[in-house]
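*Asks:* I am attaching a structure below and will ask some questions about it afterwards.
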There are 2 protein chains.
Amino acid sequence: MSPRTFTQVGTRPIRHDGVDKVTGRANYGADFTLPGMLHGAVLRSPYAHARIVSIDTTAAEAAPGVKAVITGADIPETNAKLMLGEGAIDLHDVGDNLLAHGKALYNGHAVAAVAAVTADAARSAAALIKVVYEVLEPVLSVDRAMAADAPILHDNMATKGQPGANGPSNLASRMELKRGDLTRGFADADVVVEREFRTATVHQGYIEPHACVARYGEDGRAIVWCSTQGPFAVRDQCAAILSMDPANIKVIPSEIGGGFGGKIVVYLEPLAIMLSRKAQRPVKMVMTRDEVFRATGPTSGTKIRMKIGAKKDGTIVAADGSLYYEAGAYRGSPAGAGMMCALAPYRIPNFLIEAFDIVVNKPKVAAYRAPGSPMASFAVESVLDEIARQLKTDPIDLRLKNAASEGDLAPYGPPYGPIGLKDILEAARKHPHWTSPLGKNQGRGIACGFWFNAGMNSSASVTLNMDGSAAVVTGNPDIGGTRVAQALMVAEELGIPVERVRPGVADTDSSGFTDVTGGSRVCYATGMAVIKAAEDVREQLKARAATIWKVDPSAVGWEDGRATPPAGTEKAEPLSVADLAAKLSHTGGPIIGRASLYAPMAGPAFGAHICDLEVDPETGRSRVVRYTAFQDVGKAVHPSFVEGQIQGGVAQGIGWALNEEYVYDRNGIMENAGFLDYRMPVASDLPMIETVVLEVANPLHPYGVRGVGEVPIVPPLAAVANAMRDATGLRFTELPLSPPRVLAALEREHEPVGAGTGAGQGGRR
Amino acid sequence: MSPRTFTQVGTRPIRHDGVDKVTGRANYGADFTLPGMLHGAVLRSPYAHARIVSIDTTAAEAAPGVKAVITGADIPETNAKLMLGEGAIDLHDVGDNLLAHGKALYNGHAVAAVAAVTADAARSAAALIKVVYEVLEPVLSVDRAMAADAPILHDNMATKGQPGANGPSNLASRMELKRGDLTRGFADADVVVEREFRTATVHQGYIEPHACVARYGEDGRAIVWCSTQGPFAVRDQCAAILSMDPANIKVIPSEIGGGFGGKIVVYLEPLAIMLSRKAQRPVKMVMTRDEVFRATGPTSGTKIRMKIGAKKDGTIVAADGSLYYEAGAYRGSPAGAGMMCALAPYRIPNFLIEAFDIVVNKPKVAAYRAPGSPMASFAVESVLDEIARQLKTDPIDLRLKNAASEGDLAPYGPPYGPIGLKDILEAARKHPHWTSPLGKNQGRGIACGFWFNAGMNSSASVTLNMDGSAAVVTGNPDIGGTRVAQALMVAEELGIPVERVRPGVADTDSSGFTDVTGGSRVCYATGMAVIKAAEDVREQLKARAATIWKVDPSAVGWEDGRATPPAGTEKAEPLSVADLAAKLSHTGGPIIGRASLYAPMAGPAFGAHICDLEVDPETGRSRVVRYTAFQDVGKAVHPSFVEGQIQGGVAQGIGWALNEEYVYDRNGIMENAGFLDYRMPVASDLPMIETVVLEVANPLHPYGVRGVGEVPIVPPLAAVANAMRDATGLRFTELPLSPPRVLAALEREHEPVGAGTGAGQGGRR
């Protein structure tokens, strides 16, 4: 692909939705109000594992202002599956998660819901519902879940992927990826490092709680306003769960205050529809933060064993890993993705990675930014750090020696196309950060990370106004600045200023089918649809120019945002979009451009991060003092939002590494379901995250775009842990590196903090 | 055009929006609410004609809860024009009508507006605004307006179309249409009838008052939710008046509770945007019914002189008419349209129709269903009734003898294509109603009517869901059932059930540019776009089938809603839309169909109505006892809504004929601004309106659709008056035929009611 010169792509205009957001004017899920609207509340299980003996809703139904009460009995049980993107959703589990049927499977599991004239009335009435529980022993770890005497969550669940597995088990499935000969591989190794790692259950931590309003009519048609990453996904899930026709549901997405994968599966929308159906009034439902923590998200807590062998020259010869991922209450952890991502940055001739999907009495996990990859990467990159130390080689050199490049087979199968992993490692090695001196109690770590990125279904429409301005709509809620990116694409293709393009997110009736905002796919796949839709407009404009000039449309050219006449056409000057737009009514009417596509593949993304960490030996508190993220983004359509995505991913990864965790008591009751006790990093906790954006064009996209948003959360876990090792001399294998854990380890070692204090690994070079 | 067989077009499914409307669940203009929303109120002139000496808003601004106050000084004066549909809107006048600048030109003219935290606070504060007026003599009739000593409304307005006219005048323009030699024509006549007619100012009477919510951001971008016939028209008017870029305004149309032409020009939306801009909060504005009457609508009061000559055999040889139409406070009555429609049903070799557009101190008139035609038709059809009486010929025969048909030149120029006027007159003559006996105090009248219908700009998008259902959206708010008609078109083209098509009205970002819902154009022009968009989907489906069958797309056929393989293709069975939809992701992704067009012409519509009226000689109260409307609709896509449109137009025409009128006191203050005193017919006032729908296909539309909604309001004025003549022997030339007027006339005549009582004109035949 010859390099294309852009006039607008790559610039940094103010995002169209920016002012409304910073002034608090943008409307989110809880901001919708309808006449006659009721408010819903959910009664949730106080137990982590309990059989529901009976539910008596009589008192709640009689309470003042109550218009409807529903329980699991109102959701028909089904064994159907729903294709969502490239995966199948088990509707039985989604339905059971929405409202428990026979068992409460985690603390916070919804048991009943109430709609009443005020939110207070609904909450008060929910508290009047009498549920008799038979409390069972909770299963809170993969170890306990797989023990022979473990309580079983699902009596009818057998293990997939394990021949001969019959009886009920908490192991939902076993998967494996292998290549070469593991025994011979390790035999070739001069150094072998094996460690066991653990990561905690963490939440996506989006600022906006789940919220929706639903209106159901006697004709069986419903409208849902909600905060979601996928209006079509909400529509299709609601339809499938409630046995409705998707054509009878319209989903209108609000602005979205973060999702990170956690706003794809439905939690409230079907309940709101059912309550509205029963009450014959619109129903609003808004979660509290406590509910968000107890009943949505999170991502898997994991146990990972990782063994890697290398030769003296640094060549990795074998890897052997076991990934145990908590699925939460229902099957479906991202263990499989973790398995595919773990070794993806490297050429390794012999490997076996097995992955286990294990149910426990915690909320069913939801996708979280590069789902499954960060934990696997934490294990692999920590082991590689140890290998570099044992070989006394530079950890970047070690990675560069083994880095995958074009033509290498990905561990999960296909050969890579052009990828920028080596470029970013070279850039990291040359960057001043890598060789800058470290201060007292400081250490430096590096880690790489990988994410597939996704394609899937996307649609876009571009309409032209008579004044030459344009509008573009897609079905993707804008989380990371995709609207301004799409406006830039239209501006680029049509040669009009980006401020004259109004980008929008349409409802499910007004947009072609589009898969969720996720998988780092929007700027890539939906972006391609936007470019094609703008091209469709341009081709129609050329045809209009042909009409005006009375020439053949195929003879009309396009240069610098103007239609150009074929040579020799009399009285024909080039016509701009504005010129042609003004004549639309006289040349055939308005113009709509449209495009839709299924992108089966995407351009893989790699990142390499350098982290400097300072540890307070008195308290165990650590602080990231410098952080530089290198990433191959393919093409940065709007560099500010590319940088912002990288910074956001890093911030979340640092939180995961240092502080975040679900704290459960012995009964499986979450003890820190709020932002005061669940410690996410805030701006004052972090330095400015530096970003180095490289552009190795992805040949699958006309501009070279890869997708940006997910991979930056992958390296931080290991980058931080490796920096901790460098600062303290201690290899931590369990996250988070919270002050109590670090302090305890320091005290256990009876050593002064940081064997290499002030002269960390990076600094030694 | 060979007759096409339809499988779904012509059936009567329940409209998709029907249940929400009858259950009160549909959301109209006043039903939107935003967080932090303020409420607006408008201060209106208590005088019909007054110079504004000063406005002091100090007290209002200091009132509790007030966040913004605006006056005419906030709207920049402009001389710009805005093309809207096929006409230009004078933005100076629209702006001055929104908030008076130097003069209040009618009772109810907006002078200032306030936004406050509650509607009460806004109204109270508006009352605190001190306006000093210099009261002027009001001009309340075309006669007074054109008198030499008349007060002048606009000091800078000269007469258009009148050579030599200089000085300021209340006559805004004079137009004429002529053909042949008037003198020779009348010389050939055996009978000449000349009468002068008057019609009152009447309002469109939509049930839903004007309402909107506007949100303006510091970035200069605005969103407007409102009840309108044209979201793009609202957007473009607001942009032009407020000097904003149309790309910076998004208009989201609500459901609309009637418009009839009166919800095209903006009254509130720019005020709400300005108040929101000033207050930095969203602002809701909702009119009271009093405001709707005093400050929106109405249509022209008129004076019309009409002289028609015919030979003994009924051949009309000449017509000479003068149409004086009130424009209200600003130029722009539908006198020109009345001039073009007056004689349109007939072949008349010699005619001169002149039309006068005259400003008076009443609200500026707005379009009202077939704007201008009903009054002109009232005059022509009343005179023809007299001629039939004088010639002792059947009034249907008289009309049939002169009825225009294909190839005849319309009075306004072009030759007619295929039209159904003769067919409907034949149908009326044969209909049992025409020869049924009349009761005591009853009479029968007949009248014809004409409307152009309109084409203009339309766009449509059709999206296909993976389950084979579809959605169609356009930019036309649905007033008369156009959504279900569009769903039928998509269902017809794709061969899927109409219930599986979800029709919607999109906002201005999510729909291609589309002219207003008006001119009976939606089912015709936007319908064509819908059909083309569905065809676009079908062609893409055929290409997908070709992919599956590995054949050339051009070889794929389409039969009975299924793609069919070329003969000899192995293992290829026809594929339905559902079959192909299920495979979309594997054959190239989702499908959007789109089409946009400019329809320069439309199929003219004609109606003929028979009215039986019973008059109470004691009170003068009359009652329509039977009414049959015959109309050539081209093609009835959904016959129930075609019939409904005809019934609605007739009901409004009967109200206009019998009861409706603006009652002014001598100072120009409206005395009956409410539905209790402004008497519109309600269901209990009317018999079931019978309809006879004929279908003479319009060759401009693929199904033959003409457009239905407007012409049925044209004949009732004369049909009722002719029935009154038949019942009472009295020729009324002034509307409405309200009980006091009828009683006075009856008493003046000192005759028993109805010379032909019980044996009216119809009954005599």
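Quick note on naming: the chains in the structure tokens go A, B, ... in the order shown, residues restart at 1 in each chain, and ligands are numbered from 1 in order of appearance.
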What lies within 10 Å of region 179-193 of chain B using only C-alpha atoms, ignoring chain neighbours under 5 positions off, as a PyMOL selection string?
*Replies:* chain B and resi 306-320+348-353+382-388+390-391+411-413
*Asks:* Please identify all residues of chain A having at least one atom at most 8 Å from any atom of chain B, considering only C-alpha atoms, and return them as a PyMOL selection string.
*Replies:* chain A and resi 19-20+25+27+31-35+217-219+246-248+456-459+461+463-465+467+469-473+500-504+506+509-514+585-599
*Asks:* Need the shell around Thr78 (chain B): protein/DNA/RNA residues with any atom at most 10 Å away, counting only C-alpha atoms. Skip same-chain ones fewer than 5 positions apart. Format as a PyMOL selection string?
*Replies:* chain B and resi 90-96+240-241+243
*Asks:* Would you mind exporting the chosen residues as a PDB file, in the first residue's frame, restricted to C-alpha atoms?
*Replies:*
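New file part21.pdb:
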```
ATOM      1  CA  ASP B  90     -38.707  35.655   4.058  1.00  0.00           C
ATOM      2  CA  LEU B  91     -36.545  35.381   7.122  1.00  0.00           C
ATOM      3  CA  HIS B  92     -37.083  38.997   8.045  1.00  0.00           C
ATOM      4  CA  ASP B  93     -40.768  38.312   8.449  1.00  0.00           C
ATOM      5  CA  VAL B  94     -40.262  35.015  10.268  1.00  0.00           C
ATOM      6  CA  GLY B  95     -37.879  36.732  12.659  1.00  0.00           C
ATOM      7  CA  ASP B  96     -40.225  39.660  13.221  1.00  0.00           C
ATOM      8  CA  ALA B 240     -30.910  30.913   9.222  1.00  0.00           C
ATOM      9  CA  ILE B 241     -32.659  33.057  11.804  1.00  0.00           C
ATOM     10  CA  SER B 243     -27.065  32.672  12.040  1.00  0.00           C
TER      11      SER B 243
END
```
*Asks:* Distance CA of Ser227 (chain A)-CA of His203 (chain A), one decimal place?
*Replies:* 17.4 Å
*Asks:* Quick one: of B:Gln631, B:Ser576, B:Ser436, B:Ser333, who's nearest to Lys422 (chain B), counting only C-alpha atoms?
*Replies:*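 Nearest to Lys422 (chain B): B:Gln631.
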*Asks:* Which residue, A:Val359, A:Met724, A:Ala376, A:Leu82, has the smallest gap to Asp616 (chain A) when you use only C-alpha atoms?
*Replies:* A:Met724
*Asks:* Do you know which residues are at most 7 Å from region 637-651 of chain B counting only C-alpha atoms, after dropping those on the same chain fewer than 2 positions away, and could you put them as JSON, numbers by chain?
*Replies:* {"B": [9, 10, 11, 12, 480, 481, 485, 635, 653, 654, 655, 681, 689, 691, 708, 709, 710, 712, 713, 716]}
*Asks:* Would you mind listing what lies within 12 Å of Gly40 (chain A) as number ranges by chain, with only C-alpha atoms counted and same-chain residues fewer than 4 positions away left out?
*Replies:* A: 65-70, 112-126, 211-214, 268-276, 279, 281-288
*Asks:* Mind checking DSSP for region 374-527 of chain A and telling me the strand (DSSP E) residues as an NGL selection string?
*Replies:* :A and (442-451 or 456-464 or 470-474 or 501-505)
*Asks:* For the residues in that selection, give me C-alpha atoms as a tab-separated table (two decimals), in the first residue's frame.
*Replies:*
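Wrote part-v3.tsv, looks like this:
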```
chain	number	residue	atom	x	y	z
A	442	GLN	CA	12.75	3.30	42.60
A	443	GLY	CA	12.80	0.46	40.11
A	444	ARG	CA	12.08	0.06	36.41
A	445	GLY	CA	10.18	-2.62	34.57
A	446	ILE	CA	9.21	-3.35	31.01
A	447	ALA	CA	6.53	-5.60	29.56
A	448	CYS	CA	4.87	-6.27	26.26
A	449	GLY	CA	1.28	-7.00	25.45
A	450	PHE	CA	-0.91	-8.20	22.63
A	451	TRP	CA	-4.51	-7.92	21.55
A	456	MET	CA	-17.31	-7.93	12.69
A	457	ASN	CA	-20.43	-6.18	11.42
A	458	SER	CA	-20.58	-2.45	10.87
A	459	SER	CA	-22.80	-0.03	9.03
A	460	ALA	CA	-22.67	3.68	8.39
A	461	SER	CA	-24.76	6.33	6.70
A	462	VAL	CA	-23.58	9.71	5.52
A	463	THR	CA	-26.09	12.36	4.53
A	464	LEU	CA	-25.32	15.57	2.74
A	470	ALA	CA	-22.79	16.45	6.24
A	471	ALA	CA	-23.94	14.10	8.96
A	472	VAL	CA	-22.60	10.63	9.64
A	473	VAL	CA	-24.31	8.09	11.85
A	474	THR	CA	-23.41	4.63	12.97
A	501	VAL	CA	-19.57	17.10	9.64
A	502	ARG	CA	-22.00	16.21	12.37
A	503	PRO	CA	-21.28	12.73	13.70
A	504	GLY	CA	-23.95	10.88	15.59
A	505	VAL	CA	-24.99	7.63	17.16
```
